[in-house]
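Asker: Quick one: this structure, given as structure tokens, is what I'll be asking you about.
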Amino acid sequence: AQQMALKDMKQSSNQGLASFLWMLVGQGKTLTVLSFLEATRSSKFIIWSLPKSALGSVGEIIREVGWYPVILFPSEGLQEKYIKEDDSIPSTVKRKLQSKMVTLIEHDHLRMLADPLASQMCDTAFIFDEVHKAMQSGTQRTAS
């Protein structure tokens, strides 16, 4: 499944298209995305938005492949709270993205960081992990 997904992602990239990767739990989405980013090297920076519950596992896989995760917080207060609870992944409040780093941003913090990061997004691969968890429960949809 990983090889097929990687092939499809490369093909889409060659056509100037973005990818939406859907794989079952445990089939290696994180590793597939990292393999794609390594193979294409088309972005200077990487932002990976994910739920808080996935920070540890995704950060671990990023380290295993030889990359460096860093959690970006929108405020020093939120960063300090994280450090008190679990500081296993380096963190920062600095908005300037770093090459060779995978900047992790919790879904809940993304809105507060969108404007400060906007000017760097043209050079950035943006991964929105577990998109279904970012949707508000009870979101109303229309038939139109």
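A note on labels: chains of the structure tokens are A, B, ... as shown, every chain counts residues from 1, and ligands are counted from 1 in their shown order.
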Using only C-alpha atoms, determine which residues lie at most 9 Å from segment 68-84 of chain A, disregarding the query and same-chain residues fewer than 2 positions distant; provide the list as a PyMOL selection string.

Answerer: chain A and resi 55+58-60+62-63+66+86-95+100-106+109-110+112-113

Asker: Residues within 12 Å of segment 7-15 of chain A, please, as a list of chain:residue names. Count only C-alpha atoms; anything in the same chain fewer than 3 positions from it doesn't count.

Answerer: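 Answer for this query is A:Ala1, A:Gln2, A:Gln3, A:Met4, A:Ala18, A:Ser19, A:Phe20, A:Leu21, A:Trp22, A:Lys29, A:Thr32, A:Val33, A:Leu34, A:Ser35, A:Phe36, A:Leu37, A:Glu38, A:Ala39, A:Thr40, A:Arg41, A:Ser42, A:Ser43, A:Ala125.
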
Asker: Looking only at the backbone, which of the residues in chain A does DSSP tag as helix (DSSP H, G or I), as a PyMOL selection string?

Answerer: chain A and resi 2-14+29-40+52-64+76-85+107-123+131-133

Asker: Could you check the closest approach to Leu50 of chain A for each of A:Glu85, A:Val65, A:Thr30, A:Gln120 and tell me which residue wins, using only C-alpha atoms?

Answerer: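 Answer, going by the shortest atom-to-atom distance: A:Thr30.
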
Asker: Would you please give, as a list of chain:residue names, all residues of chain A that DSSP assigns to strand (DSSP E or B) based on the backbone?

Answerer: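 Result set for chain A (strand (DSSP E or B)): A:Phe45, A:Ile46, A:Ile47, A:Trp48, A:Ser49, A:Leu50, A:Tyr68, A:Pro69, A:Val70, A:Ile71, A:Leu72, A:Ser91, A:Thr92, A:Met101, A:Val102, A:Thr103, A:Leu104, A:Ile105, A:Glu106, A:Thr124, A:Ala125, A:Phe126, A:Ile127, A:Phe128.
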
Asker: Just the number, please: distance in Å from atom CA of His107 of chain A to atom CA of Ala134 of chain A, one decimal.

Answerer: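 Atom-to-atom, atom CA of His107 of chain A and atom CA of Ala134 of chain A are spaced 6.2 Å apart.
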
Asker: Name the closest residue to Trp67 of chain A among the candidates A:Lys44, A:Asp108, A:Ser99, A:Ser49; distances are taken between atoms, counting only C-alpha atoms.

Answerer: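 Nearest to Trp67 of chain A: A:Ser99.
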
Asker: For a test of reading the model, state the distance in Å between atom CA of Thr124 of chain A and atom CA of Ile47 of chain A, rounded to one decimal.

Answerer: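 These two atoms are separated by 6.9 Å.
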
Asker: Would you please work out which residue, of A:Leu6, A:Ile46, A:Leu24, A:Leu31, is nearest to Ile127 of chain A when using only C-alpha atoms?

Answerer: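 So, comparing all the options, the nearest one is A:Ile46.
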
Asker: Find the distance between atom CA of Leu117 of chain A and atom CA of Leu97 of chain A and write it in Å to one decimal.

Answerer: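 The value is 8.2 Å.
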